[in-house]
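Visitor: Enclosed is the structure file work_28.cif (mmCIF, C-alpha atoms).
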data_work
#
loop_
_atom_site.label_atom_id
_atom_site.label_comp_id
_atom_site.auth_asym_id
_atom_site.auth_seq_id
_atom_site.Cartn_x
_atom_site.Cartn_y
_atom_site.Cartn_z
CA MET A 429 -6.99 9.13 32.49
CA LEU A 430 -5.17 12.21 31.18
CA GLY A 431 -2.00 11.04 32.92
CA PHE A 432 -2.26 7.67 31.18
CA PHE A 433 -2.69 9.16 27.71
CA GLY A 434 0.00 11.71 28.48
CA THR A 435 2.60 8.92 28.38
CA PHE A 436 1.82 8.52 24.68
CA SER A 437 1.48 12.20 23.72
CA GLN A 438 5.06 12.68 22.54
CA SER A 439 4.96 9.51 20.45
CA PHE A 440 1.60 10.50 19.00
CA MET A 441 2.77 13.98 17.99
CA PHE A 442 5.92 12.52 16.44
CA ALA A 443 3.80 10.05 14.47
CA ILE A 444 1.55 12.84 13.22
CA MET A 445 4.55 14.86 12.00
CA LEU A 446 6.08 11.90 10.18
CA TRP A 447 2.80 10.54 8.81
CA PRO A 448 2.60 12.41 5.47
CA PHE A 449 6.12 11.27 4.56
CA ALA A 450 6.48 7.85 6.15
CA ALA A 451 2.99 6.75 5.12
CA VAL A 452 3.81 7.50 1.49
CA VAL A 453 7.12 5.62 1.74
CA LEU A 454 5.37 2.59 3.24
CA THR A 455 2.39 2.75 0.88
CA LEU A 456 4.03 3.18 -2.53
CA PRO A 457 5.85 -0.20 -2.68
CA LEU A 458 2.65 -2.02 -1.70
CA LEU A 459 0.57 -0.14 -4.27
CA LEU A 460 3.22 -0.76 -6.93
CA ALA A 461 3.16 -4.49 -6.20
CA HIS A 462 -0.64 -4.40 -6.38
CA TYR A 463 -0.51 -2.50 -9.67
CA ILE A 464 1.95 -4.98 -11.18
CA ARG A 465 -0.29 -7.89 -10.19
CA TYR A 466 -3.69 -6.48 -11.20
CA ARG A 467 -2.77 -3.72 -13.71
CA ARG A 468 -5.03 -1.36 -11.78
CA ILE A 469 -5.41 0.18 -8.32
CA ALA A 470 -8.75 -0.14 -6.54
CA ARG A 471 -9.58 2.95 -4.53
CA GLY A 472 -10.77 1.03 -1.48
CA ARG A 473 -7.61 -1.06 -1.42
CA ALA A 474 -5.38 2.00 -1.80
CA GLY A 475 -7.19 3.74 1.05
CA MET A 476 -6.84 0.68 3.29
CA VAL A 477 -3.11 0.39 2.56
CA TYR A 478 -2.62 4.08 3.32
CA ALA A 479 -4.52 3.76 6.60
CA MET A 480 -2.42 0.72 7.52
CA ALA A 481 0.77 2.68 6.86
CA LEU A 482 -0.36 5.23 9.43
CA TYR A 483 -1.34 2.47 11.84
CA LEU A 484 1.98 0.64 11.59
CA LEU A 485 3.92 3.86 12.04
CA ALA A 486 1.87 4.85 15.08
CA LEU A 487 2.10 1.35 16.57
CA GLY A 488 5.87 1.33 16.28
CA LEU A 489 6.20 4.76 17.86
CA PHE A 490 3.75 4.01 20.66
CA THR A 491 5.63 0.87 21.64
CA LEU A 492 9.27 1.85 21.03
CA TYR A 493 9.45 5.64 21.30
CA PRO A 494 10.55 7.73 23.13
CA ALA A 495 13.68 6.23 24.64
CA PRO A 496 15.32 7.88 27.69
CA ASP A 497 17.77 10.60 26.63
CA ASP A 498 20.53 9.75 29.14
CA ALA A 499 21.09 6.07 28.44
CA VAL A 500 23.95 5.58 30.93
CA ARG A 501 22.08 7.17 33.81
CA PHE A 502 18.83 5.38 33.03
CA CYS A 503 20.45 1.94 32.70
CA ALA A 504 22.36 2.45 35.96
CA SER A 505 19.20 3.29 37.91
CA HIS A 506 16.70 0.95 36.24
CA GLN A 507 16.78 -2.83 36.07
CA LEU A 508 13.57 -3.84 34.29
CA GLN A 509 12.66 -7.49 34.67
CA ALA A 510 10.31 -9.34 32.34
CA GLN A 511 6.79 -9.90 33.68
CA LEU A 512 6.18 -13.57 32.94
CA MET A 513 3.14 -14.26 35.15
CA PRO A 514 0.02 -14.70 32.99
CA LEU A 515 -2.89 -12.36 33.79
CA GLY A 516 -0.69 -10.30 36.10
CA SER A 517 -1.99 -7.07 34.57
CA ILE A 518 -5.57 -8.17 35.30
CA MET A 519 -4.67 -8.81 38.92
CA ASP A 520 -3.23 -5.29 39.18
CA ILE A 521 -6.62 -3.68 38.49
CA PRO A 522 -7.82 -3.70 42.15
CA THR A 523 -4.64 -1.91 43.30
CA GLU A 524 -3.84 0.38 40.34
CA GLY A 525 -7.42 1.13 39.34
CA LEU A 526 -8.16 3.06 36.16
CA ARG A 527 -4.56 3.07 34.93
CA ALA A 528 -4.43 -0.73 34.90
CA VAL A 529 -7.83 -0.89 33.17
CA LEU A 530 -6.68 1.49 30.44
CA GLN A 531 -3.45 -0.47 30.03
CA VAL A 532 -5.44 -3.63 29.34
CA VAL A 533 -7.96 -1.92 27.05
CA MET A 534 -5.34 -0.09 24.99
CA ASN A 535 -3.28 -3.26 24.50
CA ILE A 536 -6.37 -4.82 22.94
CA ILE A 537 -7.33 -1.78 20.85
CA PHE A 538 -3.82 -1.35 19.43
CA PHE A 539 -4.13 -4.63 17.48
CA VAL A 540 -7.76 -4.38 16.36
CA PRO A 541 -6.83 -2.60 13.07
CA LEU A 542 -4.42 -5.41 12.23
CA GLY A 543 -7.21 -8.00 12.38
CA VAL A 544 -9.55 -5.81 10.33
CA PHE A 545 -6.88 -5.26 7.69
CA LEU A 546 -5.94 -8.93 7.32
CA ARG A 547 -9.56 -10.01 6.92
CA ALA A 548 -10.86 -7.20 4.72
CA MET A 549 -7.87 -7.02 2.41
CA TYR A 550 -6.58 -10.60 2.29
CA GLY A 551 -9.47 -12.70 3.61
CA TRP A 552 -7.21 -14.67 5.95
CA ARG A 553 -8.78 -17.09 8.41
CA TRP A 554 -8.93 -16.43 12.14
CA TYR A 555 -6.05 -18.74 13.07
CA TRP A 556 -3.69 -16.97 10.65
CA VAL A 557 -4.79 -13.62 12.04
CA ALA A 558 -4.11 -14.90 15.57
CA ALA A 559 -0.68 -16.21 14.55
CA ILE A 560 0.30 -12.92 12.89
CA GLY A 561 -1.00 -10.90 15.83
CA LEU A 562 0.97 -13.07 18.26
CA GLY A 563 4.10 -12.86 16.10
CA ALA A 564 3.90 -9.08 15.77
CA SER A 565 3.34 -8.70 19.51
CA LEU A 566 6.26 -11.02 20.28
CA ALA A 567 8.53 -9.00 17.97
CA ILE A 568 7.55 -5.76 19.74
CA GLU A 569 7.97 -7.23 23.23
CA THR A 570 11.34 -8.74 22.32
CA SER A 571 12.55 -5.41 20.94
CA GLN A 572 11.51 -3.76 24.21
CA LEU A 573 13.27 -6.44 26.27
CA THR A 574 16.51 -6.19 24.27
CA GLY A 575 16.59 -2.41 23.87
CA ILE A 576 15.54 -2.56 20.19
CA PHE A 577 17.82 -5.55 19.64
CA GLY A 578 20.87 -3.88 21.15
CA LEU A 579 20.52 -0.38 19.70
CA TYR A 580 19.79 0.87 23.22
CA PRO A 581 22.17 -0.34 25.97
CA CYS A 582 19.43 -1.78 28.20
CA SER A 583 15.76 -2.61 28.36
CA TYR A 584 13.75 0.61 28.75
CA ARG A 585 10.26 -0.90 28.34
CA LEU A 586 8.74 -3.80 30.28
CA PHE A 587 8.38 -7.18 28.60
CA ASP A 588 4.93 -8.36 29.70
CA VAL A 589 3.55 -11.76 28.77
CA ASP A 590 0.04 -10.35 29.18
CA ASP A 591 0.71 -8.03 26.26
CA LEU A 592 1.06 -11.10 24.02
CA LEU A 593 -2.35 -12.37 25.14
CA LEU A 594 -4.07 -8.97 24.94
CA ASN A 595 -2.57 -8.04 21.57
CA THR A 596 -3.59 -11.39 20.08
CA THR A 597 -7.07 -10.90 21.51
CA GLY A 598 -7.19 -7.50 19.83
CA ALA A 599 -6.23 -8.98 16.47
CA LEU A 600 -8.98 -11.61 16.80
CA LEU A 601 -11.48 -8.90 17.79
CA GLY A 602 -10.48 -6.98 14.66
CA PHE A 603 -11.04 -10.15 12.64
CA GLY A 604 -14.57 -10.32 14.01
CA LEU A 605 -15.21 -6.64 13.27
CA GLY A 606 -13.87 -7.12 9.75
CA VAL A 607 -17.24 -8.56 8.73
CA PHE A 608 -18.65 -5.02 8.85
CA PHE A 609 -16.05 -3.71 6.38
CA PRO A 610 -16.38 -4.06 2.60
CA ASN A 611 -14.60 -6.95 0.95
CA ILE A 612 -11.77 -5.36 -1.01
CA ARG A 613 -9.71 -8.47 -1.65
CA ALA A 614 -11.52 -9.31 -4.89
CA VAL A 615 -10.04 -7.09 -7.61
CA ASP A 616 -10.67 -7.55 -11.32
CA ARG A 617 -7.55 -7.72 -13.41
CA GLY A 618 -6.93 -5.10 -16.05
CA GLN A 619 -5.57 -5.79 -19.53
CA ALA A 620 -2.16 -7.44 -19.70
CA ILE A 621 -0.84 -5.02 -22.33
CA ILE A 622 -2.52 -1.77 -23.39
CA THR A 623 -1.35 -0.08 -26.59
CA ASN A 624 -3.30 3.13 -26.03
CA PRO A 625 -2.56 3.92 -22.36
CA GLY A 626 -4.05 6.90 -20.58
CA LEU A 627 -2.15 9.73 -18.97
CA VAL A 628 -1.99 8.17 -15.49
CA ARG A 629 -0.55 4.90 -16.78
CA ARG A 630 1.97 6.79 -18.93
CA LEU A 631 3.12 8.83 -15.92
CA VAL A 632 3.45 5.72 -13.75
CA ALA A 633 5.49 3.99 -16.47
CA TYR A 634 7.71 7.05 -16.88
CA THR A 635 8.26 7.23 -13.10
CA VAL A 636 9.28 3.57 -12.98
CA ASP A 637 11.64 4.12 -15.92
CA GLY A 638 13.18 7.09 -14.11
CA MET A 639 13.72 5.04 -10.97
CA ALA A 640 15.29 2.23 -13.00
CA ILE A 641 17.59 4.66 -14.83
CA THR A 642 18.67 6.24 -11.54
CA ALA A 643 19.38 2.87 -9.92
CA MET A 644 21.31 1.45 -12.88
CA SER A 645 23.27 4.68 -13.42
CA THR A 646 24.26 4.76 -9.76
CA VAL A 647 25.49 1.17 -9.72
CA ILE A 648 27.39 1.46 -13.01
CA GLY A 649 28.83 4.84 -12.03
CA VAL A 650 30.11 3.57 -8.67
CA VAL A 651 31.70 0.50 -10.29
CA LEU A 652 33.44 2.62 -12.94
CA GLN A 653 34.59 5.16 -10.36
CA LEU A 654 36.19 2.42 -8.26
CA ALA A 655 37.69 0.66 -11.28
CA CYS A 656 39.01 3.70 -13.20
CA ARG A 657 39.57 6.26 -10.41
CA PRO A 658 39.21 9.23 -12.80
CA SER A 659 40.23 12.80 -12.04
CA PRO A 660 37.51 15.19 -10.76
CA GLY A 661 36.94 16.62 -14.23
CA ASP A 662 36.79 13.21 -15.88
CA ALA A 663 34.52 11.97 -13.09
CA VAL A 664 31.89 14.54 -14.04
CA LEU A 665 32.05 13.52 -17.69
CA LEU A 666 31.93 9.86 -16.71
CA ARG A 667 28.87 10.42 -14.54
CA TRP A 668 26.95 12.26 -17.25
CA GLY A 669 28.05 9.74 -19.86
CA VAL A 670 26.73 6.86 -17.79
CA VAL A 671 23.39 8.60 -17.24
CA ALA A 672 23.07 9.43 -20.95
CA GLY A 673 23.98 5.89 -21.99
CA VAL A 674 21.57 4.20 -19.58
CA THR A 675 18.80 6.62 -20.58
CA ALA A 676 19.36 5.86 -24.26
CA VAL A 677 19.23 2.12 -23.58
CA VAL A 678 16.03 2.27 -21.51
CA GLN A 679 14.14 4.91 -23.49
CA LEU A 680 15.38 4.30 -27.05
CA ILE A 681 17.02 0.94 -27.67
CA MET A 682 14.77 -1.12 -25.39
CA PRO A 683 11.44 -0.03 -26.94
CA LEU A 684 12.91 -0.43 -30.44
CA VAL A 685 13.90 -4.06 -29.88
CA ALA A 686 11.13 -5.03 -27.42
CA ARG A 687 8.14 -3.91 -29.50
CA GLY A 688 7.46 -0.72 -27.60
CA MET A 689 8.04 -1.98 -24.06
CA THR A 690 10.28 -0.19 -21.57
CA ILE A 691 10.90 -1.28 -17.98
CA GLY A 692 8.02 0.91 -16.85
CA GLY A 693 5.91 -0.53 -19.64
CA ARG A 694 6.55 -4.06 -18.36
CA VAL A 695 5.42 -3.00 -14.91
CA THR A 696 2.29 -1.11 -15.96
CA GLY A 697 1.37 -2.96 -19.14
CA ALA A 698 1.74 0.24 -21.20
CA CYS A 699 3.02 -0.43 -24.72
CA LEU A 700 4.37 2.48 -26.80
CA ASP A 701 3.73 0.77 -30.15
CA ASP A 702 0.17 2.04 -30.35
CA ARG A 703 -0.03 1.85 -34.17
CA GLU A 704 1.73 0.32 -37.15
CA ARG A 705 5.01 2.09 -37.96
CA GLY A 706 7.87 1.33 -40.29
CA TRP A 707 11.40 0.98 -38.93
CA LEU A 708 12.39 4.56 -39.82
CA HIS A 709 9.13 5.91 -38.42
CA ARG A 710 9.69 4.00 -35.16
CA LEU A 711 13.25 5.31 -34.88
CA VAL A 712 12.17 8.93 -35.38
CA PHE A 713 9.24 8.44 -32.99
CA TYR A 714 11.42 7.12 -30.16
CA LEU A 715 14.09 9.77 -30.81
CA ALA A 716 11.39 12.44 -30.47
CA ARG A 717 10.22 10.80 -27.24
CA LEU A 718 13.79 10.70 -25.93
CA ASP A 719 14.25 14.40 -26.78
CA CYS A 720 11.09 15.25 -24.82
CA LEU A 721 12.37 13.34 -21.81
CA LEU A 722 15.75 15.11 -22.01
CA LEU A 723 13.99 18.49 -22.16
CA MET A 724 12.55 17.77 -18.74
CA GLY A 725 16.07 18.01 -17.33
CA THR A 726 15.93 21.82 -17.45
CA ALA A 727 13.38 24.15 -15.88
CA VAL A 728 12.69 26.03 -19.13
CA GLY A 729 12.44 22.83 -21.13
CA ALA A 730 10.10 21.25 -18.59
CA LEU A 731 7.86 24.34 -18.65
CA LEU A 732 7.70 24.39 -22.45
CA LEU A 733 7.06 20.66 -22.57
CA PHE A 734 4.29 20.97 -19.98
CA MET A 735 2.56 23.70 -21.99
CA LEU A 736 2.89 21.79 -25.26
CA GLY A 737 1.75 18.59 -23.57
CA ALA A 738 -1.35 20.29 -22.17
CA ILE A 739 -2.28 21.43 -25.68
CA THR A 740 -1.66 18.11 -27.43
CA TRP A 741 -3.43 16.13 -24.71
CA HIS A 742 -6.43 18.46 -24.75
CA ARG A 743 -6.77 18.36 -28.54
CA HIS A 744 -5.59 14.86 -29.45
CA ARG A 745 -5.33 12.89 -26.18
CA GLN A 746 -1.66 12.36 -27.02
CA LEU A 747 1.69 13.60 -25.74
CA PRO A 748 3.93 15.98 -27.75
CA TYR A 749 6.13 13.33 -29.35
CA HIS A 750 3.04 11.85 -31.03
CA LEU A 751 3.09 14.86 -33.37
CA VAL A 752 5.57 12.78 -35.37
CA ASP A 753 2.69 10.44 -36.25
CA ARG A 754 0.53 13.31 -37.45
CA TRP A 755 3.32 14.50 -39.73
CA TRP A 756 3.88 10.93 -40.92
CA HIS A 757 0.19 10.55 -41.86
CA VAL A 758 -0.55 7.21 -40.23
CA ASP A 759 -3.80 5.74 -38.96
CA PRO A 760 -4.96 6.65 -35.43
CA PRO A 761 -3.98 4.35 -32.53
CA GLN A 762 -5.91 1.20 -31.76
CA SER A 763 -6.08 -0.69 -28.46
CA THR A 764 -5.04 -4.31 -28.17
CA THR A 765 -4.23 -6.84 -25.51
CA ALA A 766 -1.23 -9.15 -25.44
CA SER A 767 -3.33 -12.12 -26.51
CA ALA A 768 -4.94 -10.35 -29.48
CA HIS A 769 -2.32 -8.23 -31.25
CA SER A 770 -3.77 -9.12 -34.61
CA THR A 771 -7.35 -8.12 -33.74
CA ARG A 772 -7.34 -4.36 -33.25
CA GLN A 773 -10.31 -2.26 -32.20
CA LEU A 774 -10.74 1.41 -31.38
CA ASP A 775 -10.75 2.13 -27.69
CA ARG A 776 -10.54 5.03 -25.32
CA PRO A 777 -7.18 5.61 -23.61
CA ALA A 778 -6.91 3.21 -20.67
CA VAL A 779 -5.99 4.78 -17.36
#
In structure tokens, how does this file's structure come out?
Guide:
Amino acid sequence: MLGFFGTFSQSFMFAIMLWPFAAVVLTLPLLLAHYIRYRRIARGRAGMVYAMALYLLALGLFTLYPAPDDAVRFCASHQLQAQLMPLGSIMDIPTEGLRAVLQVVMNIIFFVPLGVFLRAMYGWRWYWVAAIGLGASLAIETSQLTGIFGLYPCSYRLFDVDDLLLNTTGALLGFGLGVFFPNIRAVDRGQAIITNPGLVRRLVAYTVDGMAITAMSTVIGVVLQLACRPSPGDAVLLRWGVVAGVTAVVQLIMPLVARGMTIGGRVTGACLDDRERGWLHRLVFYLARLDCLLLMGTAVGALLLFMLGAITWHRHRQLPYHLVDRWWHVDPPQSTTASAHSTRQLDRPAV
């Protein structure tokens, strides 16, 4: 038994080392899509997605890694042929004993989490679970047969038709076990637009804005570099000019003309127009917000902003740039939804 599990030890250790990083990379896009759809993140759903990220990473490493180090020598001495006889692995049990039994059992167990996930999170029916399990197994077996679709010069793992049957069986078994897991596919939608967002929603919106600014600045900068071919000194100025211009558009001009909505606001439903302001008041407010964001570009500025933000949030449940409103002597913020902008009522900050 130890010899059987020893064949997976290197893959398992590699998966454990990569898990904190790769799981986050795989999880964040799914959680972002969920957040955009429902305007909230359910804890059970987030935990299931994170567990599935670990599962998918481990499954890929168990089935595709490690590859032989000396590809030329291995391919010259090994000619792996596909095993196309159904139930061949079952027939090997009398001759190979425990190793063959474990091979069958593990091929079933590997796909049980997939069936549980598809039922608990999406509520898919058994035939869809079977089809997805079969498709995933076929993709893995084909990658093994083709050397990860040609990345490796020859087949270094055995294509076994029994794996398709056993993996699909595992997915169906997981579907059956899914009845014992809580139903997390039903998630209540949050408000479409929130004009008094909480700290978490503000941070998510700011992160999305930062990603959008980075992406747009990179694309525009590359295009201008190729079109203008500036000198090294001018290239630095061009790069900073593009970043400053895109930042001003996203964080200043866009909320001014779009009634307080930035790109991150569209994603999270967080509206910055949390109270009635005149045009000059709005301009000063968004300039103050832009200045706070620019301060975060330096270590000293970020530290000062963090300290000031901790004070203003503790005392007023607002960020530093909202001090403009206190100096302007306007009414406190009120929460609205997109369908009831005219009917305003006091509300706690929405997370």
Visitor: Which polymer residues have any atom within 8 Å of an atom of Ile536 in chain A, counting all atoms listed in the file, with same-chain residues fewer than 3 positions away left out, as a list in words?
Guide: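 My reading of the contact set: Val532, Val533, Phe539, Val540, Leu594, Asn595, Thr596, Thr597, Gly598 and Ala599 of chain A.
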Visitor: Determine the nearest neighbour of Ile568 in chain A from the options A:Pro660, A:Pro448, A:Gly488, A:Gly725, counting all atoms listed in the file.
Guide: A:Gly488
Visitor: Smallest atom-to-atom distance to Cys720 in chain A: which of A:Gln509, A:Thr570, A:Gln679, A:Thr690, using all atoms listed in the file?
Guide: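 Among A:Gln509, A:Thr570, A:Gln679, A:Thr690, it is A:Gln679 that comes nearest to Cys720 in chain A.
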Visitor: I'd like the interatomic distance between CA of Tyr478 in chain A and CA of Thr455 in chain A, to a tenth of an Å.
Guide: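 That distance, rounded to one decimal, is 5.7 Å.
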Visitor: Any chance you could resolve the PyMOL selection byres ((chain A and resi 546-548) around 12) against this file and give the residues as a ChimeraX atom specification?
Guide: /A:472-473,476-477,480,539-545,549-561,599-614
Visitor: Measure the distance from CA of Ala451 in chain A to CA of Leu482 in chain A in Å and round it to one decimal.
Guide: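 The value is 5.7 Å.
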Visitor: Name all residues at most 12 Å from Val685 in chain A (count all atoms listed in the file; drop same-chain ones fewer than 2 positions away) and give them as a ChimeraX atom specification.
Guide: /A:677-683,687-690,700-701,707,710-711,714
Visitor: What separation in Å, quoted to one decimal, exists between CA of Arg705 in chain A and CA of His750 in chain A?
Guide: 12.1 Å
Visitor: Kindly resolve the PyMOL selection byres ((chain A and resi 637-641) around 7) on the present coordinates and return the residues as a ChimeraX atom specification.
Guide: /A:633-636,642-645,674-675,691-692
Visitor: Choose the residue, out of A:Leu508, A:Leu485, A:Leu526, A:Val500, that has the smallest atom-to-atom separation from Phe538 in chain A; count only C-alpha atoms.
Guide: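 Of A:Leu508, A:Leu485, A:Leu526, A:Val500, the one nearest Phe538 in chain A is A:Leu485, counting only C-alpha atoms.
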Visitor: To test your reading of the syntax: which residues would the PyMOL selection byres ((chain A and resi 589) around 9) return for the file shown? Reply as a ChimeraX atom specification.
Guide: /A:510-516,566,569,587-588,590-594
Visitor: Would you fill out range 631-658 of chain A with N, CA and C atoms and return it as an mmCIF file, in the coordinates of the input?
Guide:
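File produced: rebuild33.cif:
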data_model
loop_
_atom_site.group_PDB
_atom_site.id
_atom_site.type_symbol
_atom_site.label_atom_id
_atom_site.label_comp_id
_atom_site.auth_asym_id
_atom_site.auth_seq_id
_atom_site.Cartn_x
_atom_site.Cartn_y
_atom_site.Cartn_z
ATOM 1 N N LEU A 631 2.316 8.192 -16.962
ATOM 2 C CA LEU A 631 3.120 8.830 -15.920
ATOM 3 C C LEU A 631 3.714 7.806 -14.968
ATOM 4 N N VAL A 632 2.930 6.779 -14.621
ATOM 5 C CA VAL A 632 3.450 5.720 -13.750
ATOM 6 C C VAL A 632 4.600 4.995 -14.441
ATOM 7 N N ALA A 633 4.429 4.675 -15.721
ATOM 8 C CA ALA A 633 5.490 3.990 -16.470
ATOM 9 C C ALA A 633 6.742 4.855 -16.549
ATOM 10 N N TYR A 634 6.554 6.151 -16.796
ATOM 11 C CA TYR A 634 7.710 7.050 -16.880
ATOM 12 C C TYR A 634 8.419 7.142 -15.532
ATOM 13 N N THR A 635 7.653 7.172 -14.431
ATOM 14 C CA THR A 635 8.260 7.230 -13.100
ATOM 15 C C THR A 635 9.080 5.983 -12.821
ATOM 16 N N VAL A 636 8.540 4.828 -13.174
ATOM 17 C CA VAL A 636 9.280 3.570 -12.980
ATOM 18 C C VAL A 636 10.542 3.565 -13.826
ATOM 19 N N ASP A 637 10.447 4.030 -15.072
ATOM 20 C CA ASP A 637 11.640 4.120 -15.920
ATOM 21 C C ASP A 637 12.688 5.036 -15.297
ATOM 22 N N GLY A 638 12.240 6.176 -14.755
ATOM 23 C CA GLY A 638 13.180 7.090 -14.110
ATOM 24 C C GLY A 638 13.873 6.470 -12.922
ATOM 25 N N MET A 639 13.120 5.723 -12.112
ATOM 26 C CA MET A 639 13.720 5.040 -10.970
ATOM 27 C C MET A 639 14.718 3.984 -11.426
ATOM 28 N N ALA A 640 14.376 3.254 -12.486
ATOM 29 C CA ALA A 640 15.290 2.230 -13.000
ATOM 30 C C ALA A 640 16.559 2.860 -13.554
ATOM 31 N N ILE A 641 16.420 3.966 -14.282
ATOM 32 C CA ILE A 641 17.590 4.660 -14.830
ATOM 33 C C ILE A 641 18.487 5.162 -13.704
ATOM 34 N N THR A 642 17.890 5.736 -12.674
ATOM 35 C CA THR A 642 18.670 6.240 -11.540
ATOM 36 C C THR A 642 19.428 5.111 -10.851
ATOM 37 N N ALA A 643 18.743 3.994 -10.608
ATOM 38 C CA ALA A 643 19.380 2.870 -9.920
ATOM 39 C C ALA A 643 20.522 2.287 -10.748
ATOM 40 N N MET A 644 20.274 2.045 -12.031
ATOM 41 C CA MET A 644 21.310 1.450 -12.880
ATOM 42 C C MET A 644 22.483 2.410 -13.076
ATOM 43 N N SER A 645 22.198 3.696 -13.249
ATOM 44 C CA SER A 645 23.270 4.680 -13.420
ATOM 45 C C SER A 645 24.136 4.766 -12.180
ATOM 46 N N THR A 646 23.502 4.695 -11.014
ATOM 47 C CA THR A 646 24.260 4.760 -9.760
ATOM 48 C C THR A 646 25.191 3.573 -9.619
ATOM 49 N N VAL A 647 24.667 2.376 -9.862
ATOM 50 C CA VAL A 647 25.490 1.170 -9.720
ATOM 51 C C VAL A 647 26.639 1.173 -10.719
ATOM 52 N N ILE A 648 26.334 1.445 -11.985
ATOM 53 C CA ILE A 648 27.390 1.460 -13.010
ATOM 54 C C ILE A 648 28.403 2.553 -12.728
ATOM 55 N N GLY A 649 27.928 3.737 -12.327
ATOM 56 C CA GLY A 649 28.830 4.840 -12.030
ATOM 57 C C GLY A 649 29.779 4.531 -10.885
ATOM 58 N N VAL A 650 29.265 3.917 -9.818
ATOM 59 C CA VAL A 650 30.110 3.570 -8.670
ATOM 60 C C VAL A 650 31.166 2.542 -9.080
ATOM 61 N N VAL A 651 30.748 1.533 -9.845
ATOM 62 C CA VAL A 651 31.700 0.500 -10.290
ATOM 63 C C VAL A 651 32.802 1.118 -11.147
ATOM 64 N N LEU A 652 32.442 1.987 -12.081
ATOM 65 C CA LEU A 652 33.440 2.620 -12.940
ATOM 66 C C LEU A 652 34.341 3.565 -12.162
ATOM 67 N N GLN A 653 33.772 4.263 -11.192
ATOM 68 C CA GLN A 653 34.590 5.160 -10.360
ATOM 69 C C GLN A 653 35.639 4.363 -9.598
ATOM 70 N N LEU A 654 35.239 3.233 -9.028
ATOM 71 C CA LEU A 654 36.190 2.420 -8.260
ATOM 72 C C LEU A 654 37.209 1.744 -9.173
ATOM 73 N N ALA A 655 36.787 1.370 -10.376
ATOM 74 C CA ALA A 655 37.690 0.660 -11.280
ATOM 75 C C ALA A 655 38.665 1.605 -11.980
ATOM 76 N N CYS A 656 38.193 2.780 -12.396
ATOM 77 C CA CYS A 656 39.010 3.700 -13.200
ATOM 78 C C CYS A 656 39.675 4.798 -12.381
ATOM 79 N N ARG A 657 39.070 5.165 -11.258
ATOM 80 C CA ARG A 657 39.570 6.260 -10.410
ATOM 81 C C ARG A 657 39.913 7.496 -11.243
ATOM 82 N N PRO A 658 38.938 8.083 -11.929
ATOM 83 C CA PRO A 658 39.210 9.230 -12.800
ATOM 84 C C PRO A 658 39.479 10.494 -11.999
#
